[in-house]
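Let me begin by presenting the structure, written as structure tokens, before commenting on it.
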2 protein chains.
Amino acid sequence: MNYKEMAELVKGWVEEAGDLLRESLQNTSLKVEEKTNPSDLVTEMDKSIEAFYVEKIRAHFPDHKIYGEEGTYDEINDLDGFIWVIDPIDGTLNYVKQKSNFCSMLALFKDGEGVLAFINDVIHEDVYYSVQGEGVYCNERRLEPIEEHPLKEGLLAINTKMALSEMEEAQQLIDEALGVRLIGSAGLEMVQVLMNRVSAYVTTPLQTWDIAPGYVMAQELGLTFTQRTGEPIDLMKKNAILIANPLAHKEIVKTFIN
Amino acid sequence: MNYKEMAELVKGWVEEAGDLLRESLQNTSLKVEEKTNPSDLVTEMDKSIEAFYVEKIRAHFPDHKIYGEEGTYDEINDLDGFIWVIDPIDGTLNYVKQKSNFCSMLALFKDGEGVLAFINDVIHEDVYYSVQGEGVYCNERRLEPIEEHPLKEGLLAINTKMALSEMEEAQQLIDEALGVRLIGSAGLEMVQVLMNRVSAYVTTPLQTWDIAPGYVMAQELGLTFTQRTGEPIDLMKKNAILIANPLAHKEIVKTFIN
């Protein structure tokens, strides 16, 4: 099976996960637990969607490793071989409180290089996916490469913790941009940059499962995706990320290295 | 014609405006002008959608007054009689940069009381509307009244200027809430509160056309909609607004009167 055939297969799983998540919102008695604090939630659906992906991956690719948000970890000491990164629901707080503005994500790496990526914007029924070297698609439509432009000609996306804890840098950037936007799902914020709806997304440290598919897709569209200090992403640890077109990227990095 | 019949008629106009706006996004050579600064934009579509509404209103209700964002003003010295408030595109910056996350809005007041209100979330094809005393609808579905809950159990929506210029109050509130959200369209932020997707929306001073339909709809769902100091809205001037369920409203007002 080549990567394109794999993408067709896996897109089916991601769409099925989206169906299950839409159905789950009809369920009025969703079980919700706090993880580390009241805004860090996990639901029975986070766990069952992860289990759904794991079962599919194990059945089709028994020799691949898996790294999942909800505790499905193979022992991963390095990036050798095939590794699947799963975020069953990205934006669980939105899933619980908004019943919208969340996504389900999967990415496949080979020897540390991203080869496949999937982000399902479940409520809007938009599935974004990419195959290495073949561009990024939203459903049937191929996304355009992003033209370079400075931050002052576009919008800036940040995460809540960025707004809370790092005000000086955030204020400088918000001031420079035409406006600030905040959805509350790293996956969907990255999609906004891929779609050229915002010019940059900058965050406090996020987990690998939060960023993996956006990281893979960014390279297909000529976007720069690094730590916000400009250093390369390290998939083995948390990363405070910056995704932007190369010109805006260069401007924003300066805020974090001065 | 009673208010319910008027609502049916006007909903047709608002839907037609939505069709025109969706079509306009296929047009690659949209003419955009700056108004007061680079993030305050007006397009040919703002003007033509306002003209479209004005023509309909003049034809059907020749004795009603009109107050429109793009310069269609009758002389309005008080709130007596029937007054239509038009915001042809709310979130013009999103319309231009995102091709999404904007809305078209209309509201009708009689002697200062809101009687009809319309918000078309154009890209998601959701039309929100209300008739005084008859509740709020999203397309065919009647929205549920909002149960009281404190800010700490929900999300907070703010506007960009709130994030920029009034950090101390904003920080307190962001800290108290589960998270912060920012779409960049007052109409769509108000919809988030009406849908109970965020618990409160608080802003710097906004124009009457930015807030009119949300103000009318809020009263139908048991939400409190005032200036953020708790004082009543004054439709004859700009208002820094706060819309929330009564309990969260009471908490948030304290931030602005201390």
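Chain identifiers are assigned as A, B, and so on, following the order in which chains appear in the structure tokens; residues are numbered from 1 within each chain, and ligands are numbered from 1 in order of appearance.
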Closest atom pairs, residues of chain A within 7 Å of chain B, only C-alpha atoms, as JSON lines:
```
{"residue": "A:Ser39", "atom": "CA", "partner": "B:Leu178", "partner_atom": "CA", "distance": 5.3}
{"residue": "A:Lys97", "atom": "CA", "partner": "B:Arg197", "partner_atom": "CA", "distance": 5.8}
{"residue": "A:Gln98", "atom": "CA", "partner": "B:Arg197", "partner_atom": "CA", "distance": 4.2}
{"residue": "A:Thr160", "atom": "CA", "partner": "B:Val180", "partner_atom": "CA", "distance": 5.9}
{"residue": "A:Leu164", "atom": "CA", "partner": "B:Gln171", "partner_atom": "CA", "distance": 6.5}
{"residue": "A:Gln171", "atom": "CA", "partner": "B:Leu164", "partner_atom": "CA", "distance": 6.5}
{"residue": "A:Leu178", "atom": "CA", "partner": "B:Ser39", "partner_atom": "CA", "distance": 5.2}
{"residue": "A:Gly179", "atom": "CA", "partner": "B:Thr160", "partner_atom": "CA", "distance": 6.0}
{"residue": "A:Val180", "atom": "CA", "partner": "B:Thr160", "partner_atom": "CA", "distance": 5.9}
{"residue": "A:Arg181", "atom": "CA", "partner": "B:Leu182", "partner_atom": "CA", "distance": 5.0}
{"residue": "A:Leu182", "atom": "CA", "partner": "B:Leu182", "partner_atom": "CA", "distance": 4.8}
{"residue": "A:Ile183", "atom": "CA", "partner": "B:Arg181", "partner_atom": "CA", "distance": 5.6}
{"residue": "A:Gly184", "atom": "CA", "partner": "B:Arg181", "partner_atom": "CA", "distance": 6.7}
{"residue": "A:Arg197", "atom": "CA", "partner": "B:Gln98", "partner_atom": "CA", "distance": 4.1}
```
Surrounding residues of Leu116 of chain A excluding itself and chain neighbours under 6 positions, 7 Å, only C-alpha atoms, as a PDB file with N, CA and C atoms, in the first residue's frame:
```pdb
ATOM      1  N   ALA A   7      -3.786   6.981   2.661  1.00  0.00           N
ATOM      2  CA  ALA A   7      -4.550   8.194   2.981  1.00  0.00           C
ATOM      3  C   ALA A   7      -6.040   7.965   2.739  1.00  0.00           C
ATOM      4  N   ALA A 107      -1.821  11.778  12.693  1.00  0.00           N
ATOM      5  CA  ALA A 107      -0.684  12.023  11.796  1.00  0.00           C
ATOM      6  C   ALA A 107       0.215  10.794  11.810  1.00  0.00           C
ATOM      7  N   LEU A 108       0.880  10.551  10.687  1.00  0.00           N
ATOM      8  CA  LEU A 108       1.828   9.436  10.597  1.00  0.00           C
ATOM      9  C   LEU A 108       3.208   9.981  10.238  1.00  0.00           C
ATOM     10  N   SER A 130      -3.366  15.546   4.181  1.00  0.00           N
ATOM     11  CA  SER A 130      -2.224  15.707   3.282  1.00  0.00           C
ATOM     12  C   SER A 130      -1.443  14.404   3.170  1.00  0.00           C
ATOM     13  N   VAL A 131      -0.820  14.243   2.008  1.00  0.00           N
ATOM     14  CA  VAL A 131       0.125  13.158   1.738  1.00  0.00           C
ATOM     15  C   VAL A 131       1.432  13.857   1.359  1.00  0.00           C
ATOM     16  N   GLN A 132       2.530  13.396   1.932  1.00  0.00           N
ATOM     17  CA  GLN A 132       3.819  14.070   1.701  1.00  0.00           C
ATOM     18  C   GLN A 132       4.073  14.328   0.212  1.00  0.00           C
TER      19      GLN A 132
END
```
The distance between atom CA of Glu168 of chain A and atom CA of Glu176 of chain B is 20.0 Å
Within 6 Å of segment 210-223 of chain B, counting only C-alpha atoms, which residues qualify if same-chain residues fewer than 5 places away don't, as an mmCIF file with N, CA and C atoms, in the first residue's frame?
```cif
data_model
loop_
_atom_site.group_PDB
_atom_site.id
_atom_site.type_symbol
_atom_site.label_atom_id
_atom_site.label_comp_id
_atom_site.auth_asym_id
_atom_site.auth_seq_id
_atom_site.Cartn_x
_atom_site.Cartn_y
_atom_site.Cartn_z
ATOM 1 N N ALA B 107 -32.367 44.936 12.706
ATOM 2 C CA ALA B 107 -33.262 44.916 13.874
ATOM 3 C C ALA B 107 -34.297 46.015 13.709
ATOM 4 N N GLY B 114 -37.206 46.633 21.215
ATOM 5 C CA GLY B 114 -36.884 45.742 20.107
ATOM 6 C C GLY B 114 -38.059 44.822 19.792
ATOM 7 N N ALA B 117 -35.582 40.926 15.134
ATOM 8 C CA ALA B 117 -34.120 40.915 15.029
ATOM 9 C C ALA B 117 -33.672 39.751 14.150
ATOM 10 N N GLY B 135 -39.668 34.198 21.437
ATOM 11 C CA GLY B 135 -38.425 33.435 21.519
ATOM 12 C C GLY B 135 -37.494 33.707 20.352
ATOM 13 N N PRO B 145 -33.962 28.610 26.618
ATOM 14 C CA PRO B 145 -33.552 29.658 27.570
ATOM 15 C C PRO B 145 -32.250 29.229 28.249
ATOM 16 N N MET B 190 -22.279 37.542 19.977
ATOM 17 C CA MET B 190 -23.566 37.560 20.686
ATOM 18 C C MET B 190 -24.320 36.250 20.439
ATOM 19 N N ALA B 244 -24.711 38.389 29.275
ATOM 20 C CA ALA B 244 -24.418 37.171 30.045
ATOM 21 C C ALA B 244 -25.689 36.719 30.747
ATOM 22 N N ASN B 245 -25.666 35.483 31.266
ATOM 23 C CA ASN B 245 -26.770 35.059 32.123
ATOM 24 C C ASN B 245 -26.707 35.922 33.391
#
```
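Minimum atom-to-atom distances from A:Asp80, A:Glu34, A:Glu148, A:Glu15 to Asp121 of chain A were compared using only C-alpha atoms, and the lowest value belongs to A:Glu15.
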What's around Lys110 of chain B at 10 Å? Count only C-alpha atoms, leave out sequence neighbours fewer than 4 positions away in its own chain, and write the answer as JSON, numbers by chain.
{"B": [64, 79, 80, 81, 82, 83, 84, 114, 115, 116]}
In Å, with one decimal, what is the gap from atom CA of Ser48 of chain A to atom CA of Phe61 of chain A?
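For atom CA of Ser48 of chain A relative to atom CA of Phe61 of chain A, the distance reads 19.5 Å.
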